[in-house]
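Written below as structure tokens is the structure these notes are about.
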Amino acid sequence: MSDVQDYDVVIIGAGINGAGLFRDLCEQGLRCLIIDKGDFGSGTSAAPSRLIHGGLKYLETGEFGLVAQSTLERNLLLRNAPHLVHPLPTVIPIYSWTKGIWAALRTFFGSTTAPRSRGAVLIKIGLRMYDFYGSRSRVMPRHKMITRARALRDIPALTPRIKAVGTYYDAAITGAERLVLELVQDGLTARPGSKALNWADLQSCHQGVLTITASDGSTLRARPRIVVNAAGPWIDSVNALLGEPTKLIGGTKGSHILIDHPELLRQLDGRMIYFEGDDGRILLVYPYLGKAMVGSTDIPAQDPDTVLCDDDEIAYFMQSLRDLLPGLSFSTDQIVYTYAGIRPLPNSQGVDPGLISRDHSTPELPTTTTRPFPVLSLVGGKWTTFRGFAEEVADGLLQRLGKPRKVSTRDLPIGGGKGIPHAHARQAWITDTGAPERAKVLLARYGTTARQIIAQEGPKPVLVTGTQDTSRAEIDWIARNEMVVHLEDIVLRRTQLALTGQITRAGLDDICAVAAAALGWDAQRIAEEVQRAAKLLAARHGVKL
């Protein structure tokens with residue numbers, strides 16, 4: 001078996017949890033392999049609310065440890081990935097003074113139904129607790145309570161039914177899929193002997209050897225000491241392929257829409273409204289790269305390969321917005337993009353989807369006579385807590401393998417967050433590039449990696465057809481440096497062009513032509529990639545070119 005490559009750890013699934021663990025283990029000097037059947041960050045990790053938040057609503061279920069960890073990790077990400085993670089002022093409309101207290105107490109003590117109509121007293125208590133748990137490494141202001149009159153002056157379209165509003169800070173991420181990619185790239189830099197494969201299929205597991213087909217059709221045979229199953233909602237199917245079927249996952253679907261609504265953005269003025277729907281579900285609307293993000297549903301669902309935002313969910317979002325902001329008009333014509341994903345939550349029969357714990361666990365399949373390595377499954381978890389989750393799992397794996405922890409990831413910058421300039425140094429950095437206007441755009445998008453793209457663009461970058469500020473040289477740099485396999489990788493994940501409604505058929509052809517020149521695609525491959533991307537945009541995201 002001379003063609004077999006030995007790895008300390010093989011990670012199956014390159015979403016946020018798998019990528020975070022890959023980086024951590026590589027930083028400790030372990031030789032790791034991470035694979036994904038799609039692109040990096042293309043599954044559930046591409047379908048969050050794009051918030052980096054402490055989980056205010058988890059106080060209701062008594063998950064204080066999760067809130068404490070989430071608020072800490074939020075604060076760390078604001079420091080370690082400031083090019084992608086930004087503070088988000090948040091408003092909570094309040095419709096009563098005292099309602100919801102008894103329902104909240106029932107939920108706290110284990111009720112399986114979600115509370116409704118949280119009043120001012122309850123929200124004030126929650127926000128004070130949230131401030132307390134978010135005090136470690138604090139980088140943002142504490143909460144405030146605002147009068148009804150002030151709230152209606154600030155947001156005139158807001159429903160007059162409110163009694164007051166609460167305000168606090170969380171954070172949003174402008175490039176969720178990019179952060180996943182940067183974690184993988186950081187891991188490869190830290191441990192050159194490691195490997196990362198996207199669009200790679202796990203074919204079999206035989207006598208301790210995994211057979212994997214790479215995107216180019218080549219075969220890799222890997223012999224791991226330990227396997228980590230980070231496949232999210234696909235965890236049970238991966239475990240079955242490894243020879244031991246499980247029923248660990250009981251996922252719920254979360255859907256979102258992005259709408260083009262300039263007046264809504266003007267009234268939001270950079271703020272998120274975190275509000276209750278008429279059914280008690282927690283919803284949100286906030287500015288996202290020039291559009292308005294609206295979400296999210298929480299519906300039991302099983303098939304992550306076919307999940308999409310359906311018409312009923314869209315109608316629900318539209319009506320919820322009309323109820324919240326009766327001073328504005330909303331229609332489906334404003335929607336530029338839809339998406340959905342399945343949260344890999346623990347199997348929790350009979351529990352209201354909104355109350356299923358977002359905490360994480362790592363159930364283990366021990367070694368067997370035919371599978372000489374253990375399999376650890378990463379179940380649950382929040383986008384925000386990926387680093388802490390990875391640290392916990394990595395510490396356990398290092399102990400098993402008899403290796404010391406060499407590097408803490410707590411204060412380790414991610415990707416373009418390395419060396420990012422702040423305050424006065426920021427303007428000096430921008431000026432020093434020689435292209436200050438372009439540098440502002442690219443620094444916000446890529447962090448310090450922007451310098452390489454600016455150098456490639458030259459003094460007069462040509463924009464991609466139909467886009468606001470994305471250049472053809474930028475696409476060329478992405479294609480050559482960011483492990484692109486398909487056109488959709490660029491359109492949906494390396495850039496935010498599809499998500500923000502900037503993709504036209506001419507633009508798709510333009511991007512594909514640039515990628516083809518960089519990657520050596522022939523005419524047939526170009527036609528296939530354009531057709532594939534256009535079909536995906538229409539079927540899964542409501543974008544018809």
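Residues in the structure tokens are named by chain (A, B, ... in the order shown) and by number from 1 within that chain; ligands are numbered from 1 in the order shown.
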
Q: Name the residues in contact with Lys403 in chain A at a cut-off of 10 Å, using only C-alpha atoms, excluding same-chain residues fewer than 3 positions from it; report them as a ChimeraX atom specification.
A: /A:28-30,395,397-400,406

Q: Excluding Val485 in chain A and any residue of its chain fewer than 2 positions from it, enumerate the residues within 9 Å of it, using only C-alpha atoms, and give them as a list in words.
A: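 Contacts, in chain order: Asp39, Asn198, Trp199, Ser215, Asp216, Ala479, Met483, Leu487, Glu488, Asp489, Ile490 and Leu519 of chain A.
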
Q: Just the residues within 10 Å of Thr174 in chain A, please, counting only C-alpha atoms, with nothing from its chain fewer than 6 positions along; format it as a list in words.
A: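 Neighbouring residues, sequence-local ones excluded: Arg50, Leu51, His83, Leu84, Val85, His86, Tyr288, Leu289, Ala444, Arg445 and Gln496 of chain A.
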
Q: Using DSSP on the backbone coordinates, identify all residues within range 3-148 of chain A classified as strand (DSSP E); present the result as a PyMOL selection string.
A: chain A and resi 4-12+32-35+51-52+85-94+144-147

Take the residues just selected and output them with C-alpha atoms as a PDB file, in the first residue's frame.
ATOM      1  CA  VAL A   4      -1.408   5.389   0.846  1.00  0.00           C
ATOM      2  CA  GLN A   5      -0.777   8.723   2.583  1.00  0.00           C
ATOM      3  CA  ASP A   6      -0.764   8.843   6.377  1.00  0.00           C
ATOM      4  CA  TYR A   7      -2.545  11.654   8.233  1.00  0.00           C
ATOM      5  CA  ASP A   8      -2.942  12.384  11.905  1.00  0.00           C
ATOM      6  CA  VAL A   9      -6.530  13.552  11.365  1.00  0.00           C
ATOM      7  CA  VAL A  10      -8.893  13.442   8.393  1.00  0.00           C
ATOM      8  CA  ILE A  11     -11.777  15.910   8.589  1.00  0.00           C
ATOM      9  CA  ILE A  12     -14.817  15.168   6.435  1.00  0.00           C
ATOM     10  CA  CYS A  32      -4.354  16.875   8.392  1.00  0.00           C
ATOM     11  CA  LEU A  33      -6.583  16.281   5.393  1.00  0.00           C
ATOM     12  CA  ILE A  34      -9.893  18.101   5.005  1.00  0.00           C
ATOM     13  CA  ILE A  35     -12.337  17.173   2.249  1.00  0.00           C
ATOM     14  CA  LEU A  51     -24.734  37.306  12.236  1.00  0.00           C
ATOM     15  CA  ILE A  52     -21.887  36.866  14.682  1.00  0.00           C
ATOM     16  CA  VAL A  85     -16.915  40.980  11.010  1.00  0.00           C
ATOM     17  CA  HIS A  86     -18.387  44.338  12.015  1.00  0.00           C
ATOM     18  CA  PRO A  87     -20.451  45.727  14.922  1.00  0.00           C
ATOM     19  CA  LEU A  88     -24.212  45.755  14.318  1.00  0.00           C
ATOM     20  CA  PRO A  89     -26.422  48.072  16.411  1.00  0.00           C
ATOM     21  CA  THR A  90     -29.689  46.269  17.088  1.00  0.00           C
ATOM     22  CA  VAL A  91     -33.228  47.369  17.976  1.00  0.00           C
ATOM     23  CA  ILE A  92     -35.844  45.183  19.694  1.00  0.00           C
ATOM     24  CA  PRO A  93     -39.444  46.458  19.398  1.00  0.00           C
ATOM     25  CA  ILE A  94     -41.378  45.951  22.652  1.00  0.00           C
ATOM     26  CA  LYS A 144     -30.140  51.009  26.379  1.00  0.00           C
ATOM     27  CA  MET A 145     -33.932  51.284  26.606  1.00  0.00           C
ATOM     28  CA  ILE A 146     -35.496  53.890  24.286  1.00  0.00           C
ATOM     29  CA  THR A 147     -38.928  55.527  24.533  1.00  0.00           C
TER      30      THR A 147
END

Q.
Which residues are close to Asp305 in chain A, i.e. within 12 Å by only C-alpha atoms, leaving aside same-chain residues fewer than 3 positions away? Reply as a ChimeraX atom specification.
A. /A:37-38,42-44,232-234,253,301-302,308,340-342,536,539-540

Q. In Å to one decimal, how far is CA of Tyr130 in chain A from CA of Gly277 in chain A?
A.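 Between CA of Gly277 in chain A and CA of Tyr130 in chain A the gap is 21.9 Å.
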
Q: Write down as a PyMOL selection string the residues of range 346-533 of chain A whose backbone DSSP state falls under alpha helix (DSSP H).
A: chain A and resi 386-401+423-432+436-446+450-457+472-481+487-488+505-519+523-533

For Ala533 in chain A, list every protein, DNA or RNA residue within 9 Å, evaluated using only C-alpha atoms, and leave out those in the same chain fewer than 3 positions away; present the list as an mmCIF file with C-alpha atoms, in the first residue's frame.
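Full text of result_32.cif as output:
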data_model
loop_
_atom_site.group_PDB
_atom_site.id
_atom_site.type_symbol
_atom_site.label_atom_id
_atom_site.label_comp_id
_atom_site.auth_asym_id
_atom_site.auth_seq_id
_atom_site.Cartn_x
_atom_site.Cartn_y
_atom_site.Cartn_z
ATOM 1 C CA HIS A 486 -16.445 25.661 -10.682
ATOM 2 C CA LEU A 487 -17.860 29.001 -11.834
ATOM 3 C CA GLU A 488 -20.395 28.852 -8.995
ATOM 4 C CA VAL A 491 -20.267 33.724 -8.097
ATOM 5 C CA LEU A 508 -21.885 35.524 -15.670
ATOM 6 C CA GLU A 528 -21.094 23.669 -19.082
ATOM 7 C CA GLU A 529 -20.039 25.990 -16.248
ATOM 8 C CA VAL A 530 -22.329 28.828 -17.336
ATOM 9 C CA LEU A 536 -28.285 26.582 -9.676
ATOM 10 C CA LEU A 537 -29.099 30.280 -9.308
ATOM 11 C CA ALA A 538 -32.603 29.737 -10.678
#

Q: Tell me, in Å to one decimal, how far CA of Gln203 in chain A is from CA of Ala527 in chain A.
A: 28.4 Å

Selection: 10 Å around Val462 in chain A, only C-alpha atoms, excl. self and same-chain fewer than 3 positions, as a PDB file with all heavy atoms, in the first residue's frame:
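What follows is the written file part_15.pdb:
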ATOM      1  N   GLU A 457      -4.434  44.504 -10.396  1.00  0.00           N
ATOM      2  CA  GLU A 457      -5.408  45.295 -11.164  1.00  0.00           C
ATOM      3  C   GLU A 457      -4.748  46.396 -12.003  1.00  0.00           C
ATOM      4  O   GLU A 457      -5.234  46.698 -13.092  1.00  0.00           O
ATOM      5  CB  GLU A 457      -6.407  45.947 -10.198  1.00  0.00           C
ATOM      6  CG  GLU A 457      -7.476  45.015  -9.682  1.00  0.00           C
ATOM      7  CD  GLU A 457      -8.530  45.757  -8.893  1.00  0.00           C
ATOM      8  OE1 GLU A 457      -8.245  46.862  -8.378  1.00  0.00           O
ATOM      9  OE2 GLU A 457      -9.653  45.235  -8.785  1.00  0.00           O
ATOM     10  N   GLY A 458      -3.702  47.007 -11.462  1.00  0.00           N
ATOM     11  CA  GLY A 458      -3.114  48.137 -12.175  1.00  0.00           C
ATOM     12  C   GLY A 458      -3.928  49.405 -11.967  1.00  0.00           C
ATOM     13  O   GLY A 458      -4.923  49.416 -11.219  1.00  0.00           O
ATOM     14  N   PRO A 459      -3.584  50.476 -12.629  1.00  0.00           N
ATOM     15  CA  PRO A 459      -4.207  51.787 -12.364  1.00  0.00           C
ATOM     16  C   PRO A 459      -5.629  51.938 -12.879  1.00  0.00           C
ATOM     17  O   PRO A 459      -6.367  52.802 -12.404  1.00  0.00           O
ATOM     18  CB  PRO A 459      -3.264  52.764 -13.076  1.00  0.00           C
ATOM     19  CG  PRO A 459      -2.617  51.948 -14.159  1.00  0.00           C
ATOM     20  CD  PRO A 459      -2.472  50.571 -13.603  1.00  0.00           C
ATOM     21  N   THR A 465     -19.028  43.082 -16.116  1.00  0.00           N
ATOM     22  CA  THR A 465     -20.291  43.595 -16.650  1.00  0.00           C
ATOM     23  C   THR A 465     -21.409  43.512 -15.614  1.00  0.00           C
ATOM     24  O   THR A 465     -21.651  42.457 -15.026  1.00  0.00           O
ATOM     25  CB  THR A 465     -20.701  42.792 -17.900  1.00  0.00           C
ATOM     26  OG1 THR A 465     -19.646  42.840 -18.852  1.00  0.00           O
ATOM     27  CG2 THR A 465     -21.983  43.358 -18.499  1.00  0.00           C
ATOM     28  N   ASP A 469     -18.550  47.249  -8.347  1.00  0.00           N
ATOM     29  CA  ASP A 469     -17.146  47.526  -8.034  1.00  0.00           C
ATOM     30  C   ASP A 469     -16.273  46.267  -8.012  1.00  0.00           C
ATOM     31  O   ASP A 469     -15.306  46.193  -7.267  1.00  0.00           O
ATOM     32  CB  ASP A 469     -17.043  48.246  -6.680  1.00  0.00           C
ATOM     33  CG  ASP A 469     -17.748  47.508  -5.551  1.00  0.00           C
ATOM     34  OD1 ASP A 469     -18.022  46.305  -5.699  1.00  0.00           O
ATOM     35  OD2 ASP A 469     -18.017  48.143  -4.513  1.00  0.00           O
ATOM     36  N   THR A 470     -16.619  45.277  -8.823  1.00  0.00           N
ATOM     37  CA  THR A 470     -15.822  44.042  -8.914  1.00  0.00           C
ATOM     38  C   THR A 470     -15.103  44.025 -10.263  1.00  0.00           C
ATOM     39  O   THR A 470     -15.751  44.109 -11.314  1.00  0.00           O
ATOM     40  CB  THR A 470     -16.714  42.792  -8.777  1.00  0.00           C
ATOM     41  OG1 THR A 470     -17.358  42.825  -7.502  1.00  0.00           O
ATOM     42  CG2 THR A 470     -15.881  41.531  -8.893  1.00  0.00           C
ATOM     43  N   SER A 471     -13.783  43.908 -10.230  1.00  0.00           N
ATOM     44  CA  SER A 471     -13.008  44.002 -11.475  1.00  0.00           C
ATOM     45  C   SER A 471     -12.716  42.628 -12.073  1.00  0.00           C
ATOM     46  O   SER A 471     -12.724  41.606 -11.369  1.00  0.00           O
ATOM     47  CB  SER A 471     -11.691  44.740 -11.218  1.00  0.00           C
ATOM     48  OG  SER A 471     -10.782  43.901 -10.528  1.00  0.00           O
ATOM     49  N   ARG A 472     -12.413  42.632 -13.347  1.00  0.00           N
ATOM     50  CA  ARG A 472     -12.027  41.393 -14.032  1.00  0.00           C
ATOM     51  C   ARG A 472     -10.695  40.884 -13.490  1.00  0.00           C
ATOM     52  O   ARG A 472     -10.501  39.668 -13.353  1.00  0.00           O
ATOM     53  CB  ARG A 472     -11.946  41.624 -15.541  1.00  0.00           C
ATOM     54  CG  ARG A 472     -13.263  42.055 -16.156  1.00  0.00           C
ATOM     55  CD  ARG A 472     -13.186  42.295 -17.655  1.00  0.00           C
ATOM     56  NE  ARG A 472     -13.574  41.089 -18.381  1.00  0.00           N
ATOM     57  CZ  ARG A 472     -12.762  40.349 -19.124  1.00  0.00           C
ATOM     58  NH1 ARG A 472     -11.487  40.678 -19.236  1.00  0.00           N
ATOM     59  NH2 ARG A 472     -13.212  39.290 -19.762  1.00  0.00           N
ATOM     60  N   ALA A 473      -9.782  41.799 -13.136  1.00  0.00           N
ATOM     61  CA  ALA A 473      -8.496  41.380 -12.562  1.00  0.00           C
ATOM     62  C   ALA A 473      -8.697  40.749 -11.193  1.00  0.00           C
ATOM     63  O   ALA A 473      -7.973  39.824 -10.809  1.00  0.00           O
ATOM     64  CB  ALA A 473      -7.555  42.577 -12.458  1.00  0.00           C
ATOM     65  N   GLU A 474      -9.675  41.236 -10.456  1.00  0.00           N
ATOM     66  CA  GLU A 474     -10.024  40.652  -9.150  1.00  0.00           C
ATOM     67  C   GLU A 474     -10.496  39.209  -9.326  1.00  0.00           C
ATOM     68  O   GLU A 474     -10.090  38.306  -8.579  1.00  0.00           O
ATOM     69  CB  GLU A 474     -11.124  41.516  -8.530  1.00  0.00           C
ATOM     70  CG  GLU A 474     -11.553  41.179  -7.134  1.00  0.00           C
ATOM     71  CD  GLU A 474     -12.648  42.114  -6.648  1.00  0.00           C
ATOM     72  OE1 GLU A 474     -12.869  43.178  -7.276  1.00  0.00           O
ATOM     73  OE2 GLU A 474     -13.293  41.780  -5.644  1.00  0.00           O
TER      74      GLU A 474
END

Q | Given only C-alpha atoms as the counted atoms, nearest of A:Leu242, A:Ile314, A:Ile259, A:Ala230 to Gln207 in chain A | A |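 Residue with the minimum atom-to-atom distance to Gln207 in chain A: A:Leu242.
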
Q: Tell me which of A:Thr385, A:Thr367, A:Thr449, A:Asn17 sits closest to Gly417 in chain A, counting only C-alpha atoms.
A: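 Looking at the shortest contact to Gly417 in chain A, the residue is A:Thr449.
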
Q.
Counting only C-alpha atoms, which residue out of A:His53, A:Gln502, A:Gly13, A:Ile414 sits closest to Asp201 in chain A?
A.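 Using only C-alpha atoms, Asp201 in chain A sits closest to A:Gly13.
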